[in-house]
$ cat entry37.pdb   # PDB, C-alpha atoms
ATOM      1  CA  MET P   1      83.623 117.694  33.703
ATOM      2  CA  THR P   2      84.769 120.607  31.533
ATOM      3  CA  TYR P   3      88.464 121.409  31.645
ATOM      4  CA  SER P   4      89.886 124.779  30.536
ATOM      5  CA  VAL P   5      93.116 126.633  29.845
ATOM      6  CA  ASP P   6      93.702 130.366  29.508
ATOM      7  CA  ILE P   7      95.560 131.789  26.513
ATOM      8  CA  THR P   8      96.504 135.308  25.430
ATOM      9  CA  VAL P   9      96.325 135.942  21.672
ATOM     10  CA  ARG P  10      99.835 136.751  20.436
ATOM     11  CA  GLY P  11     100.671 139.215  17.668
ATOM     12  CA  TYR P  12     102.371 136.656  15.442
ATOM     13  CA  GLU P  13      99.128 134.626  15.364
ATOM     14  CA  LEU P  14      97.207 137.382  13.576
ATOM     15  CA  ASP P  15      96.334 137.458   9.891
ATOM     16  CA  THR P  16      96.501 140.453   7.541
ATOM     17  CA  GLN P  17      93.148 141.786   8.859
ATOM     18  CA  GLY P  18      94.566 141.898  12.385
ATOM     19  CA  HIS P  19      92.505 139.087  13.838
ATOM     20  CA  LEU P  20      93.430 135.591  14.924
ATOM     21  CA  ASN P  21      94.274 133.375  11.967
ATOM     22  CA  GLN P  22      91.645 130.700  11.492
ATOM     23  CA  ALA P  23      94.149 127.841  11.800
ATOM     24  CA  VAL P  24      95.244 129.070  15.230
ATOM     25  CA  TYR P  25      91.782 128.372  16.656
ATOM     26  CA  LEU P  26      92.530 124.700  15.947
ATOM     27  CA  GLN P  27      95.928 125.012  17.621
ATOM     28  CA  TYR P  28      94.295 126.469  20.727
ATOM     29  CA  ALA P  29      91.822 123.570  20.768
ATOM     30  CA  GLU P  30      94.633 121.029  20.355
ATOM     31  CA  HIS P  31      96.576 122.668  23.186
ATOM     32  CA  ALA P  32      93.548 122.410  25.498
ATOM     33  CA  ARG P  33      93.057 118.723  24.620
ATOM     34  CA  TRP P  34      96.675 117.872  25.455
ATOM     35  CA  GLU P  35      96.521 119.930  28.645
ATOM     36  CA  LEU P  36      93.401 118.017  29.698
ATOM     37  CA  LEU P  37      95.177 114.714  29.131
ATOM     38  CA  ARG P  38      98.250 115.969  30.983
ATOM     39  CA  ALA P  39      96.168 117.213  33.942
ATOM     40  CA  ALA P  40      94.492 113.806  34.113
ATOM     41  CA  GLY P  41      97.939 112.220  34.420
ATOM     42  CA  LEU P  42      98.269 111.183  30.790
ATOM     43  CA  PRO P  43     101.172 113.059  29.231
ATOM     44  CA  GLN P  44     102.134 112.052  25.715
ATOM     45  CA  GLU P  45     104.981 109.820  26.931
ATOM     46  CA  LYS P  46     102.644 107.772  29.136
ATOM     47  CA  LEU P  47     100.119 107.283  26.331
ATOM     48  CA  LEU P  48     102.834 106.230  23.893
ATOM     49  CA  ALA P  49     104.279 103.825  26.443
ATOM     50  CA  SER P  50     100.828 102.211  26.737
ATOM     51  CA  GLY P  51     100.801 101.717  22.973
ATOM     52  CA  VAL P  52      98.047 104.176  22.106
ATOM     53  CA  GLY P  53      97.699 107.749  20.943
ATOM     54  CA  PRO P  54      94.772 110.099  20.413
ATOM     55  CA  VAL P  55      93.567 110.661  16.875
ATOM     56  CA  ALA P  56      91.200 113.320  15.544
ATOM     57  CA  LEU P  57      88.743 111.853  13.038
ATOM     58  CA  GLU P  58      86.586 114.922  12.428
ATOM     59  CA  VAL P  59      86.766 118.567  13.523
ATOM     60  CA  THR P  60      84.285 121.388  12.950
ATOM     61  CA  VAL P  61      84.901 125.014  13.910
ATOM     62  CA  LYS P  62      82.106 127.563  14.186
ATOM     63  CA  TYR P  63      83.517 131.075  14.375
ATOM     64  CA  ALA P  64      81.354 133.488  16.370
ATOM     65  CA  ARG P  65      83.512 136.576  17.103
ATOM     66  CA  GLU P  66      86.929 137.702  16.005
ATOM     67  CA  LEU P  67      89.894 137.632  18.347
ATOM     68  CA  ARG P  68      92.586 140.295  18.252
ATOM     69  CA  GLY P  69      96.093 140.562  19.636
ATOM     70  CA  GLY P  70      96.165 140.756  23.424
ATOM     71  CA  ASP P  71      92.700 139.249  23.897
ATOM     72  CA  ARG P  72      92.617 136.764  26.755
ATOM     73  CA  VAL P  73      90.539 133.659  26.170
ATOM     74  CA  ARG P  74      89.542 130.520  27.978
ATOM     75  CA  VAL P  75      89.598 127.337  25.904
ATOM     76  CA  THR P  76      87.387 124.588  27.275
ATOM     77  CA  CYS P  77      87.566 120.887  26.570
ATOM     78  CA  GLN P  78      85.240 118.019  27.411
ATOM     79  CA  PHE P  79      85.299 114.393  26.283
ATOM     80  CA  VAL P  80      81.823 112.936  25.795
ATOM     81  CA  TYR P  81      81.760 109.156  25.550
ATOM     82  CA  GLY P  82      79.146 106.914  24.042
ATOM     83  CA  GLU P  83      79.353 103.333  22.937
ATOM     84  CA  GLY P  84      82.024 102.158  20.564
ATOM     85  CA  LYS P  85      85.472 103.181  19.481
ATOM     86  CA  THR P  86      84.980 106.935  19.191
ATOM     87  CA  PHE P  87      84.036 109.816  21.461
ATOM     88  CA  ARG P  88      83.053 113.427  20.977
ATOM     89  CA  VAL P  89      85.283 116.337  21.900
ATOM     90  CA  VAL P  90      83.345 119.501  22.752
ATOM     91  CA  GLN P  91      85.230 122.781  23.082
ATOM     92  CA  GLN P  92      84.627 126.523  23.275
ATOM     93  CA  ILE P  93      86.867 129.546  23.038
ATOM     94  CA  VAL P  94      85.431 132.289  25.241
ATOM     95  CA  LYS P  95      86.724 135.849  25.640
ATOM     96  CA  ASP P  96      87.361 137.300  29.113
ATOM     97  CA  ASP P  97      84.076 139.224  28.919
ATOM     98  CA  GLY P  98      82.157 135.976  28.374
ATOM     99  CA  THR P  99      81.666 136.415  24.626
ATOM    100  CA  LEU P 100      81.788 133.160  22.698
ATOM    101  CA  ALA P 101      84.497 133.425  20.024
ATOM    102  CA  ALA P 102      84.313 129.889  18.607
ATOM    103  CA  GLU P 103      82.922 126.418  19.123
ATOM    104  CA  ILE P 104      84.994 123.409  18.154
ATOM    105  CA  SER P 105      83.439 119.969  18.013
ATOM    106  CA  GLY P 106      84.910 116.761  16.840
ATOM    107  CA  VAL P 107      85.080 113.021  16.856
ATOM    108  CA  ALA P 108      88.179 111.337  18.239
ATOM    109  CA  GLY P 109      89.463 107.919  19.113
ATOM    110  CA  MET P 110      92.475 106.215  20.592
ATOM    111  CA  LEU P 111      94.707 104.554  18.037
ATOM    112  CA  ASP P 112      96.536 101.300  18.811
ATOM    113  CA  LEU P 113      99.992 102.268  17.550
ATOM    114  CA  SER P 114     100.978  98.721  16.572
ATOM    115  CA  THR P 115      97.842  97.670  14.673
ATOM    116  CA  ARG P 116      96.964 101.220  13.504
ATOM    117  CA  ARG P 117      93.331 100.541  14.470
ATOM    118  CA  LEU P 118      91.059 102.272  16.964
ATOM    119  CA  ILE P 119      90.842 100.570  20.341
ATOM    120  CA  ALA P 120      87.451  99.203  21.383
ATOM    121  CA  ASP P 121      86.823 101.147  24.614
ATOM    122  CA  PRO P 122      88.763 104.423  24.786
ATOM    123  CA  LYS P 123      87.015 105.586  27.966
ATOM    124  CA  ALA P 124      88.014 102.494  29.942
ATOM    125  CA  HIS P 125      91.552 102.498  28.561
ATOM    126  CA  LEU P 126      92.139 106.156  29.440
ATOM    127  CA  ALA P 127      90.527 105.793  32.876
ATOM    128  CA  ALA P 128      92.740 102.822  33.707
ATOM    129  CA  LEU P 129      95.878 104.784  32.844
ATOM    130  CA  ALA P 130      94.907 108.172  34.313
ATOM    131  CA  ASP P 131      95.957 109.467  37.708
ATOM    132  CA  ASN P 132      92.802 111.628  37.751
ATOM    133  CA  PRO P 133      90.221 109.918  35.513
ATOM    134  CA  ASP P 134      87.394 112.214  36.673
ATOM    135  CA  LEU P 135      88.837 114.944  34.454
ATOM    136  CA  LEU P 136      88.208 112.717  31.436
ATOM    137  CA  SER P 137      84.500 112.145  32.085
ATOM    138  CA  GLY P 138      81.988 114.129  30.120
TER     139      GLY P 138
END
$ encode --input "entry37.pdb" --output "structure tokens"
Amino acid sequence: MTYSVDITVRGYELDTQGHLNQAVYLQYAEHARWELLRAAGLPQEKLLASGVGPVALEVTVKYARELRGGDRVRVTCQFVYGEGKTFRVVQQIVKDDGTLAAEISGVAGMLDLSTRRLIADPKAHLAALADNPDLLSG
């Protein structure tokens, strides 16, 4: 399932050329990831109480179109699980008119906060904790 949040580009996020600063694309992606976890019933406090936290291991951004102040965008987020300790995070930032502005892809895991090691089965761990685990399935 692909989750999404809507964001309006704010003036203070623009660079000297008047378009969205490249680092803010990553902030939008991070916001969508946390909102997905929250919507699934996994706010930060609940994850920390379970002894784990999400960790980004790799992130790639492909910029397709510039964003300017006032543009409304939809930021998608999907977790794609395989075998092992990591999973892929697939995201897009899409303008209101359907134009793709950026693609963000990455590798993530769930970090055991006491051992500082990735847990063996992040999908099962998250599903067991979540109020709505279907949101976490990709």
$ closest_residue --input "entry37.pdb" --among "P:Trp34, P:Arg68, P:Leu47, P:Leu57" --to "Ala101 in chain P" --atoms "all atoms listed in the file"
P:Arg68
$ residues_around --input "entry37.pdb" --residues "range 12-19 of chain P" --least-positions-apart "6" --cutoff "9 Å" --atoms "all atoms listed in the file" --output "JSON list (two decimals) with C-alpha atoms, in the frame of the given file"
[["chain", "number", "residue", "atom", "x", "y", "z"],
["P", 66, "GLU", "CA", 86.93, 137.70, 16.00],
["P", 67, "LEU", "CA", 89.89, 137.63, 18.35],
["P", 68, "ARG", "CA", 92.59, 140.29, 18.25],
["P", 69, "GLY", "CA", 96.09, 140.56, 19.64]]
$ residues_around --input "entry37.pdb" --residues "Ala29 in chain P" --least-positions-apart "6" --cutoff "8 Å" --atoms "all atoms listed in the file" --output "ChimeraX atom specification"
/P:75-77,91,104
$ residues_near_point --input "entry37.pdb" --point "(94.3, 119.1, 33.1)" --cutoff "10 Å" --atoms "all atoms listed in the file" --output "list in words"
Thr2, Tyr3, Ser4, Val5, Ala32, Arg33, Trp34, Glu35, Leu36, Leu37, Arg38, Ala39, Ala40, Gly41, Leu42, Pro43, Cys77, Asn132, Leu135 and Leu136 of chain P
$ closest_residue --input "entry37.pdb" --among "P:Val90, P:Ala102, P:Leu20, P:Asp131" --to "Arg65 in chain P" --atoms "all atoms listed in the file"
P:Ala102
$ resolve_selection --input "entry37.pdb" --expression "the PyMOL selection byres ((chain P and resi 72) around 7)" --output "PyMOL selection string"
chain P and resi 7-9+70-71+73+95-96
$ residues_around --input "entry37.pdb" --residues "Leu111 in chain P" --least-positions-apart "6" --cutoff "8 Å" --atoms "all atoms listed in the file" --output "PyMOL selection string"
chain P and resi 52-55+117-119
$ closest_residue --input "entry37.pdb" --among "P:Glu58, P:Glu30, P:Asp6, P:Asp134" --to "Gly109 in chain P" --atoms "all atoms listed in the file"
P:Glu58
$ atom_distance --input "entry37.pdb" --atom1 "CA of His31 in chain P" --atom2 "CA of Ala49 in chain P"
20.6 Å
$ resolve_selection --input "entry37.pdb" --expression "the PyMOL selection byres ((chain P and resi 82) around 12)" --output "PyMOL selection string"
chain P and resi 79-81+83-89+107-109+120-124+137-138
$ atom_distance --input "entry37.pdb" --atom1 "CA of Leu100 in chain P" --atom2 "CA of Val59 in chain P"
17.9 Å
$ decode --input "entry37.pdb" --residues "range 27-112 of chain P" --atoms "C-alpha atoms" --output "tab-separated table (two decimals), in the first residue's frame"
chain	number	residue	atom	x	y	z
P	27	GLN	CA	12.78	16.64	4.83
P	28	TYR	CA	9.52	16.13	2.95
P	29	ALA	CA	10.39	12.45	2.47
P	30	GLU	CA	11.26	12.07	6.17
P	31	HIS	CA	7.98	13.73	7.14
P	32	ALA	CA	6.02	11.28	4.96
P	33	ARG	CA	7.85	8.29	6.49
P	34	TRP	CA	7.03	9.39	10.04
P	35	GLU	CA	3.43	10.14	9.08
P	36	LEU	CA	3.12	6.64	7.61
P	37	LEU	CA	4.40	5.12	10.85
P	38	ARG	CA	2.09	7.34	12.89
P	39	ALA	CA	-0.94	6.45	10.73
P	40	ALA	CA	-0.12	2.77	11.21
P	41	GLY	CA	-0.23	3.32	14.98
P	42	LEU	CA	3.51	3.59	15.50
P	43	PRO	CA	4.33	7.07	16.75
P	44	GLN	CA	7.92	7.68	17.79
P	45	GLU	CA	7.13	7.16	21.49
P	46	LYS	CA	5.70	3.69	20.86
P	47	LEU	CA	8.70	2.62	18.77
P	48	LEU	CA	11.14	3.89	21.39
P	49	ALA	CA	9.20	2.12	24.14
P	50	SER	CA	9.57	-1.13	22.17
P	51	GLY	CA	13.33	-0.59	22.08
P	52	VAL	CA	13.71	0.07	18.37
P	53	GLY	CA	13.93	3.02	16.02
P	54	PRO	CA	14.03	3.42	12.25
P	55	VAL	CA	17.37	4.10	10.63
P	56	ALA	CA	18.12	5.26	7.09
P	57	LEU	CA	21.08	3.37	5.62
P	58	GLU	CA	21.02	4.79	2.09
P	59	VAL	CA	19.01	7.51	0.35
P	60	THR	CA	19.00	8.54	-3.31
P	61	VAL	CA	17.09	11.53	-4.69
P	62	LYS	CA	16.35	11.95	-8.39
P	63	TYR	CA	15.17	15.48	-9.11
P	64	ALA	CA	12.76	15.71	-12.05
P	65	ARG	CA	11.11	19.17	-11.88
P	66	GLU	CA	11.65	22.22	-9.74
P	67	LEU	CA	9.21	23.20	-7.02
P	68	ARG	CA	8.44	26.83	-6.24
P	69	GLY	CA	6.80	28.62	-3.34
P	70	GLY	CA	3.09	27.86	-3.05
P	71	ASP	CA	3.26	24.63	-5.08
P	72	ARG	CA	1.15	21.89	-3.54
P	73	VAL	CA	2.66	18.42	-3.62
P	74	ARG	CA	1.80	14.91	-2.58
P	75	VAL	CA	4.62	12.93	-0.98
P	76	THR	CA	4.16	9.18	-1.20
P	77	CYS	CA	5.78	6.51	0.91
P	78	GLN	CA	5.87	2.74	0.61
P	79	PHE	CA	7.89	0.16	2.54
P	80	VAL	CA	8.97	-2.78	0.39
P	81	TYR	CA	10.19	-5.77	2.38
P	82	GLY	CA	12.40	-8.61	1.30
P	83	GLU	CA	14.38	-11.07	3.33
P	84	GLY	CA	16.79	-9.94	5.98
P	85	LYS	CA	17.34	-6.96	8.20
P	86	THR	CA	16.68	-4.17	5.72
P	87	PHE	CA	13.81	-2.96	3.56
P	88	ARG	CA	13.41	-0.50	0.72
P	89	VAL	CA	11.61	2.81	1.08
P	90	VAL	CA	10.10	4.05	-2.19
P	91	GLN	CA	8.81	7.62	-2.38
P	92	GLN	CA	7.70	10.22	-4.91
P	93	ILE	CA	6.99	13.92	-4.71
P	94	VAL	CA	4.25	14.76	-7.21
P	95	LYS	CA	2.86	18.20	-8.04
P	96	ASP	CA	-0.90	18.83	-8.00
P	97	ASP	CA	-0.99	18.61	-11.80
P	98	GLY	CA	0.50	15.11	-11.67
P	99	THR	CA	4.03	16.13	-12.66
P	100	LEU	CA	6.72	14.09	-10.95
P	101	ALA	CA	9.05	16.47	-9.07
P	102	ALA	CA	11.34	13.90	-7.42
P	103	GLU	CA	11.84	10.25	-6.64
P	104	ILE	CA	13.41	9.23	-3.36
P	105	SER	CA	14.54	5.67	-2.79
P	106	GLY	CA	16.40	4.22	0.08
P	107	VAL	CA	17.35	1.33	2.27
P	108	ALA	CA	16.24	1.34	5.89
P	109	GLY	CA	16.20	-0.90	8.91
P	110	MET	CA	15.01	-0.98	12.48
P	111	LEU	CA	17.76	-0.43	15.02
P	112	ASP	CA	17.73	-2.22	18.39
